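**Student:** Okay, here's the structure, questions in a sec.
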Amino acid sequence: MLVRTLLIAAVFSSPWLHAQVIESTHLSGFGEAKYPANFPHLEYVNPHAPKGGHVTYAAMGTYDSFNRYASRGKSGQMTGELYDTLMFSPTDEINTSYPLIAEKLRYSDDYLWMEVDINPKAKFHDGMPITAKDVEFTFQKFLKQGVPQYKTYYKNIKSVKALNDKTVRIDMLKSDRDVLFSFVQRSAVLPAHFWKDKDLSQPLSEPPIGSGPYKVDSFKPGQSITYARVKDYWAQDLPVNVGRNNFDQIQYDYYRDDTVMLEAFKAGEYDLRQEGTAKFWATAYTGSNFDKGYIVKEEISNTMPRGMQGFIYNTESDIFKQPKVREALTYALDFEWMNKNMFYGQYARTNSYFQNTPYQAKGLPSSSELEVLSPLKGQIPNRVFGQAYVPPRSDGSGRIRSQMRSALTLLKEAGWEIQKGVLTHTKTGKPFEFELMVYSPTTERIADPLKKNLSNLGINMKIRTVDTTQYLKRWHERDYDMIFSSYSANPYPNNGLKIAWNSHYIDSTYNQAGVNNKAIDYLTEQIDLHQQDPEKLKALGPALDRVLTWNFYVIPAWHTSRFRVASWDKFSRPDIRPEYDLGLDTWWVDTTKAQKLPAKRR
């Protein structure tokens, strides 16, 4: 990185005598960059990996669009990867990126502007060059037709303007390092000549013109998509791409049922499966193809941060507005019994939004955490100042009478009592009933024990199964009482937490719980302000974790620290796996192994 001084001429009457301009070929949003300038390739690839072969994956449900950015519809697998971004973020670093479409960049050290030089070799799949005007067009297109949270998140960007064909400038309304970096790191670049007459908010029935390593080769609407590696891909020799994207063809076949999908894998209909269901992993991965060694089954350990998965309340629903009600229902989930009888002991209980990171709340608050939390007294639960939240724990016998008594005590305090076997509100006379919206039979299965325990409290939890398209629509509109979903794993407290929790982003589809809380607004804004202060984040992260967990927005579920992977034995992979991913984009088809398999799976 080169820092040079830009002298500001006096004629501009600037209050500054000097401004620092940073010239760089990388952006690091957290910590120091791992790779130096002109590095040859990423550490976790095999730079000599052979290209070739066909791999088939499976996907659940269906699709009706090739537009990953539409406000409605269900986009197909990999459709978001059709477009390259200005920069590429490796999966062995946190929030650091290196050149892809961008060749180099310059920005002021007050983060009020940035100029990005486009790689002169960059081109779309139809041969048209990628220009600064495409970047400008993309920003305007997302502002006008993108999802609402895009406009909200990038509200501090004043303008994105092409200075010439190969240089684009981003000017900010006010200094905002993270938003400025995020735009360059994450934003795909759309081809203006393809999208100018199309509505980005609507589904797209035809494959678009892209710029990435793969393009759509063929498809059956709603059933399958086949991608072909672009043989003359303009960026294939860039350091971030060496050793990656090794398959000649990638196909996704869609299934409506997970059990059927598993049996199809065992029968040789597709190549690789990451298993998410403990029962399947423990009992169903057997048969002649395993006995013959055609399919290999392995558990790959990892120490990745784990997201908060669980039964998420919509706190905008009247029935879940009271924290006591939300807390009461947590007692009805008997994880220890489920783990023993349904999950074969494969899981650990999740109790943090920063699980497996240094920012997870543990024990009593530190002095630095108390400094953060003390000004919020009266706005946050008193228990935040005590021990970190731990979900209710049983002995695994299935007898949870003490937990049920605790639940009933809380429900009574919230104005509910059992009348003739039905939990009823003492003032309105309404029964306690709500709907859990799901799209997978697997979710139904894990919800059944909760449903049963809630029925013993006089609560009627209806499980409503919808198709993936309807689920996505209702999810976007927050049209549900409860869903089984997750919040992304956070390796550190980042400014993206505002999108999921801050009330200014209440219309964000990522604010799944519909949270509108001033204390959480304050904490997420403080996290945003202190992105360059690691010591402050060490206090802010656990502090936010305590406030979120003690507000009971989720009935926490469980996690595993292993990848459960089964594959037809045709793959090889590098010796080093990226720290934050399985790294499938670095695998390759090993022709020697493949020759030993039935012809269908070679």
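How things are named: the first chain in the structure tokens is A, the next is B, and so on; residues count from 1 in each chain; ligands count from 1 in the order shown.
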Find the spatial neighbours of region 204-206 of chain A, counting only C-alpha atoms, within a cut-off of 9 Å - ignore same-chain residues fewer than 2 positions away - and output them as a count of residues only.
**Tutor:** 14
**Student:** Could you tell me, as a PyMOL selection string, which residues of region 433-572 of chain A DSSP assigns to strand (DSSP E or B) when given the backbone?
**Tutor:** chain A and resi 433-438+460-465+482-487+554-556+558-559+562-568+571-572
**Student:** Go through A:Trp588, A:Tyr294, A:Trp234, A:Tyr492 one by one, measure the shortest atom-to-atom distance of each to His530 (chain A) using only C-alpha atoms, and give the residue with the smallest value.
**Tutor:**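 Closest candidate: A:Tyr492.
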**Student:** Taking only C-alpha atoms into account, which of A:Gln403, A:Ser24, A:Asn339, A:Asn164 comes nearest Glu136 (chain A)?
**Tutor:** A:Asn164
**Student:** Tell me, in Å to one decimal, how far CA of Glu115 (chain A) is from CA of Glu32 (chain A).
**Tutor:**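 Value for the CA of Glu115 (chain A)-CA of Glu32 (chain A) distance: 21.5 Å.
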**Student:** Using only C-alpha atoms, what table do you get, as JSON lines, when you list each residue of region 377-444 of chain A with an atom no more than 8 Å from region 322-328 of chain A, its nearest pair of atoms, and their distance in Å rounded to one decimal, rows by chain then rising number?
**Tutor:**
{"residue": "A:Ser406", "atom": "CA", "partner": "A:Ala328", "partner_atom": "CA", "distance": 7.2}
{"residue": "A:Ala407", "atom": "CA", "partner": "A:Ala328", "partner_atom": "CA", "distance": 4.3}
{"residue": "A:Leu408", "atom": "CA", "partner": "A:Ala328", "partner_atom": "CA", "distance": 7.1}
{"residue": "A:Leu410", "atom": "CA", "partner": "A:Ala328", "partner_atom": "CA", "distance": 5.7}
{"residue": "A:Leu411", "atom": "CA", "partner": "A:Val325", "partner_atom": "CA", "distance": 5.8}
{"residue": "A:Glu413", "atom": "CA", "partner": "A:Lys324", "partner_atom": "CA", "distance": 7.8}
{"residue": "A:Ala414", "atom": "CA", "partner": "A:Lys324", "partner_atom": "CA", "distance": 6.3}
**Student:** Any idea what's packed within 8 Å of region 450-456 of chain A, counting only C-alpha atoms, ignoring anything in its chain fewer than 2 positions away? Could you give it as JSON, numbers by chain?
**Tutor:** {"A": [329, 332, 333, 334, 446, 447, 448, 458, 459, 460, 461, 462]}
**Student:** Would you please work out which residue, of A:Gln140, A:Asn495, A:Ser503, A:Asn246, is nearest to Trp587 (chain A) when using only C-alpha atoms?
**Tutor:** A:Asn246
**Student:** Write out as a PyMOL selection string all residues of region 97-336 of chain A that DSSP puts in helix (DSSP H, G or I) for this structure's backbone.
**Tutor:** chain A and resi 132-145+148-153+177-186+192-195+258-267+278-283+288-291+318-320+323-330+335-336
**Student:** Between A:Lys518, A:His559, A:His54, A:Lys104, single out the one closest to Ala37 (chain A), counting only C-alpha atoms.
**Tutor:** A:Lys104
**Student:** Name all residues at most 12 Å from Lys362 (chain A) (count only C-alpha atoms; drop same-chain ones fewer than 4 positions away) and give them as a list in words.
**Tutor:** Asn351, Ser352, Tyr353, Phe354, Gln355, Asn356, Thr357, Pro358, Ser366, Glu369, Val384, Phe385, Gly386, Gln387, Ala388, Tyr389, Val390, Ala539, Gly541, Pro542, Ala543, Asp545, Arg546 and Thr549 of chain A
**Student:** For N, CA and C atoms, I'd like the residues from the last selection saved as a PDB file, in the first residue's frame.
**Tutor:**
ATOM      1  N   ASN A 351     -25.986 -20.668  22.231  1.00  0.00           N
ATOM      2  CA  ASN A 351     -26.458 -19.698  23.226  1.00  0.00           C
ATOM      3  C   ASN A 351     -25.913 -18.303  22.974  1.00  0.00           C
ATOM      4  N   SER A 352     -25.431 -18.045  21.737  1.00  0.00           N
ATOM      5  CA  SER A 352     -24.826 -16.754  21.452  1.00  0.00           C
ATOM      6  C   SER A 352     -24.978 -16.416  19.977  1.00  0.00           C
ATOM      7  N   TYR A 353     -25.023 -15.120  19.703  1.00  0.00           N
ATOM      8  CA  TYR A 353     -25.010 -14.644  18.322  1.00  0.00           C
ATOM      9  C   TYR A 353     -23.584 -14.526  17.791  1.00  0.00           C
ATOM     10  N   PHE A 354     -22.606 -14.768  18.677  1.00  0.00           N
ATOM     11  CA  PHE A 354     -21.196 -14.790  18.288  1.00  0.00           C
ATOM     12  C   PHE A 354     -20.562 -16.116  18.690  1.00  0.00           C
ATOM     13  N   GLN A 355     -21.281 -17.203  18.494  1.00  0.00           N
ATOM     14  CA  GLN A 355     -20.838 -18.531  18.910  1.00  0.00           C
ATOM     15  C   GLN A 355     -19.489 -18.863  18.259  1.00  0.00           C
ATOM     16  N   ASN A 356     -18.580 -19.398  19.075  1.00  0.00           N
ATOM     17  CA  ASN A 356     -17.241 -19.802  18.627  1.00  0.00           C
ATOM     18  C   ASN A 356     -16.369 -18.616  18.216  1.00  0.00           C
ATOM     19  N   THR A 357     -16.599 -17.458  18.833  1.00  0.00           N
ATOM     20  CA  THR A 357     -15.741 -16.308  18.576  1.00  0.00           C
ATOM     21  C   THR A 357     -15.355 -15.657  19.906  1.00  0.00           C
ATOM     22  N   PRO A 358     -14.344 -14.795  19.910  1.00  0.00           N
ATOM     23  CA  PRO A 358     -13.969 -14.097  21.147  1.00  0.00           C
ATOM     24  C   PRO A 358     -15.015 -13.094  21.617  1.00  0.00           C
ATOM     25  N   SER A 366     -17.520  -7.944  31.749  1.00  0.00           N
ATOM     26  CA  SER A 366     -16.241  -7.353  32.117  1.00  0.00           C
ATOM     27  C   SER A 366     -16.460  -5.872  32.449  1.00  0.00           C
ATOM     28  N   GLU A 369     -17.304  -4.030  29.353  1.00  0.00           N
ATOM     29  CA  GLU A 369     -18.691  -4.262  28.941  1.00  0.00           C
ATOM     30  C   GLU A 369     -19.643  -3.422  29.787  1.00  0.00           C
ATOM     31  N   VAL A 384     -29.122  -8.527  32.068  1.00  0.00           N
ATOM     32  CA  VAL A 384     -27.971  -8.268  31.202  1.00  0.00           C
ATOM     33  C   VAL A 384     -26.721  -8.003  32.034  1.00  0.00           C
ATOM     34  N   PHE A 385     -26.899  -7.440  33.236  1.00  0.00           N
ATOM     35  CA  PHE A 385     -25.766  -7.092  34.087  1.00  0.00           C
ATOM     36  C   PHE A 385     -25.283  -8.272  34.935  1.00  0.00           C
ATOM     37  N   GLY A 386     -25.930  -9.419  34.778  1.00  0.00           N
ATOM     38  CA  GLY A 386     -25.520 -10.613  35.506  1.00  0.00           C
ATOM     39  C   GLY A 386     -24.845 -11.623  34.588  1.00  0.00           C
ATOM     40  N   GLN A 387     -25.048 -12.883  34.896  1.00  0.00           N
ATOM     41  CA  GLN A 387     -24.430 -13.947  34.105  1.00  0.00           C
ATOM     42  C   GLN A 387     -24.964 -13.950  32.671  1.00  0.00           C
ATOM     43  N   ALA A 388     -24.114 -14.371  31.737  1.00  0.00           N
ATOM     44  CA  ALA A 388     -24.537 -14.490  30.341  1.00  0.00           C
ATOM     45  C   ALA A 388     -25.665 -15.502  30.231  1.00  0.00           C
ATOM     46  N   TYR A 389     -26.524 -15.290  29.260  1.00  0.00           N
ATOM     47  CA  TYR A 389     -27.684 -16.167  29.059  1.00  0.00           C
ATOM     48  C   TYR A 389     -27.248 -17.593  28.720  1.00  0.00           C
ATOM     49  N   VAL A 390     -27.922 -18.536  29.349  1.00  0.00           N
ATOM     50  CA  VAL A 390     -27.762 -19.958  29.034  1.00  0.00           C
ATOM     51  C   VAL A 390     -29.155 -20.546  28.890  1.00  0.00           C
ATOM     52  N   ALA A 539     -15.636  -5.178  23.814  1.00  0.00           N
ATOM     53  CA  ALA A 539     -16.686  -4.898  24.800  1.00  0.00           C
ATOM     54  C   ALA A 539     -18.050  -4.810  24.142  1.00  0.00           C
ATOM     55  N   GLY A 541     -19.211  -6.206  21.341  1.00  0.00           N
ATOM     56  CA  GLY A 541     -19.749  -7.476  20.848  1.00  0.00           C
ATOM     57  C   GLY A 541     -20.464  -8.266  21.934  1.00  0.00           C
ATOM     58  N   PRO A 542     -19.785  -8.602  23.032  1.00  0.00           N
ATOM     59  CA  PRO A 542     -20.471  -9.316  24.114  1.00  0.00           C
ATOM     60  C   PRO A 542     -21.631  -8.531  24.712  1.00  0.00           C
ATOM     61  N   ALA A 543     -21.509  -7.206  24.754  1.00  0.00           N
ATOM     62  CA  ALA A 543     -22.614  -6.397  25.294  1.00  0.00           C
ATOM     63  C   ALA A 543     -23.861  -6.556  24.437  1.00  0.00           C
ATOM     64  N   ASP A 545     -24.484  -9.062  22.490  1.00  0.00           N
ATOM     65  CA  ASP A 545     -24.883 -10.459  22.648  1.00  0.00           C
ATOM     66  C   ASP A 545     -25.774 -10.627  23.883  1.00  0.00           C
ATOM     67  N   ARG A 546     -25.393  -9.999  24.979  1.00  0.00           N
ATOM     68  CA  ARG A 546     -26.179 -10.096  26.216  1.00  0.00           C
ATOM     69  C   ARG A 546     -27.574  -9.485  26.029  1.00  0.00           C
ATOM     70  N   THR A 549     -29.731 -11.806  23.631  1.00  0.00           N
ATOM     71  CA  THR A 549     -30.147 -13.089  24.212  1.00  0.00           C
ATOM     72  C   THR A 549     -31.148 -12.905  25.345  1.00  0.00           C
TER      73      THR A 549
END
**Student:** Applying 7 Å and only C-alpha atoms, which residues near Thr465 (chain A) remain after dropping the ones on its own chain fewer than 2 positions away? List them as a list in words.
**Tutor:** Met437, Val438, Tyr439, Ile463 and Asp467 of chain A
**Student:** With N, CA and C atoms kept, could you save the residues just selected as a short mmCIF file (atom, residue, chain, number, x, y, z; two decimals), in the first residue's frame?
**Tutor:**
data_model
loop_
_atom_site.label_atom_id
_atom_site.label_comp_id
_atom_site.auth_asym_id
_atom_site.auth_seq_id
_atom_site.Cartn_x
_atom_site.Cartn_y
_atom_site.Cartn_z
N MET A 437 -44.25 -21.17 10.33
CA MET A 437 -44.20 -21.33 8.88
C MET A 437 -42.92 -22.08 8.50
N VAL A 438 -43.07 -23.17 7.74
CA VAL A 438 -41.92 -23.96 7.30
C VAL A 438 -42.10 -24.31 5.82
N TYR A 439 -41.02 -24.76 5.20
CA TYR A 439 -41.11 -25.24 3.82
C TYR A 439 -40.51 -26.63 3.64
N ILE A 463 -48.36 -25.87 12.56
CA ILE A 463 -47.23 -25.93 11.63
C ILE A 463 -47.77 -25.79 10.22
N ASP A 467 -44.75 -23.85 -0.04
CA ASP A 467 -43.65 -24.09 -0.98
C ASP A 467 -42.63 -22.97 -0.85
#
**Student:** Under the rule that only C-alpha atoms are counted, which of A:Gly310, A:Gly222, A:Gly378, A:Gly210 is the nearest residue to Pro129 (chain A)?
**Tutor:**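 Among the listed residues, A:Gly210 lies closest to Pro129 (chain A).
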**Student:** So that I can see what lies close to Asn494 (chain A), please list as a ChimeraX atom specification the residues with an atom at most 10 Å from it, counting only C-alpha atoms and leaving out residues fewer than 5 positions away in the same chain.
**Tutor:** /A:29-30,95,178,524,527-531,537,541
**Student:** Since we have the selection now, will you write its residues out, keeping N, CA and C atoms, as an mmCIF file, in the first residue's frame?
**Tutor:**
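The new file part_16.cif reads:
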data_model
loop_
_atom_site.group_PDB
_atom_site.id
_atom_site.type_symbol
_atom_site.label_atom_id
_atom_site.label_comp_id
_atom_site.auth_asym_id
_atom_site.auth_seq_id
_atom_site.Cartn_x
_atom_site.Cartn_y
_atom_site.Cartn_z
ATOM 1 N N GLY A 29 -11.102 -4.478 5.824
ATOM 2 C CA GLY A 29 -12.084 -3.894 6.721
ATOM 3 C C GLY A 29 -11.877 -4.281 8.165
ATOM 4 N N PHE A 30 -11.046 -5.317 8.398
ATOM 5 C CA PHE A 30 -10.834 -5.780 9.770
ATOM 6 C C PHE A 30 -9.450 -6.411 9.851
ATOM 7 N N ASN A 95 -13.308 -10.048 6.019
ATOM 8 C CA ASN A 95 -13.578 -8.728 5.443
ATOM 9 C C ASN A 95 -12.356 -8.090 4.792
ATOM 10 N N ASP A 178 -16.847 1.989 6.266
ATOM 11 C CA ASP A 178 -17.365 0.645 6.048
ATOM 12 C C ASP A 178 -18.314 0.582 4.863
ATOM 13 N N THR A 524 -25.688 -1.214 18.039
ATOM 14 C CA THR A 524 -25.276 -1.489 16.657
ATOM 15 C C THR A 524 -24.639 -0.252 16.019
ATOM 16 N N ILE A 527 -21.136 -0.053 17.401
ATOM 17 C CA ILE A 527 -20.302 -1.032 16.695
ATOM 18 C C ILE A 527 -19.876 -0.489 15.333
ATOM 19 N N ASP A 528 -20.804 0.144 14.657
ATOM 20 C CA ASP A 528 -20.495 0.753 13.360
ATOM 21 C C ASP A 528 -19.427 1.837 13.514
ATOM 22 N N LEU A 529 -19.553 2.669 14.535
ATOM 23 C CA LEU A 529 -18.615 3.776 14.737
ATOM 24 C C LEU A 529 -17.219 3.314 15.128
ATOM 25 N N HIS A 530 -17.115 2.136 15.742
ATOM 26 C CA HIS A 530 -15.830 1.702 16.294
ATOM 27 C C HIS A 530 -15.236 0.515 15.536
ATOM 28 N N GLN A 531 -15.472 0.456 14.235
ATOM 29 C CA GLN A 531 -14.925 -0.649 13.451
ATOM 30 C C GLN A 531 -13.397 -0.660 13.440
ATOM 31 N N LEU A 537 -14.472 -3.034 20.326
ATOM 32 C CA LEU A 537 -15.329 -4.109 19.811
ATOM 33 C C LEU A 537 -15.347 -5.308 20.766
ATOM 34 N N GLY A 541 -19.211 -6.206 21.341
ATOM 35 C CA GLY A 541 -19.749 -7.476 20.848
ATOM 36 C C GLY A 541 -20.464 -8.266 21.934
#
**Student:** Counting only C-alpha atoms, figure out which residue out of A:Pro90, A:Pro203, A:Pro191, A:Pro391 gets nearest to Leu42 (chain A).
**Tutor:**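 For Leu42 (chain A), the nearest of the candidates is A:Pro90.
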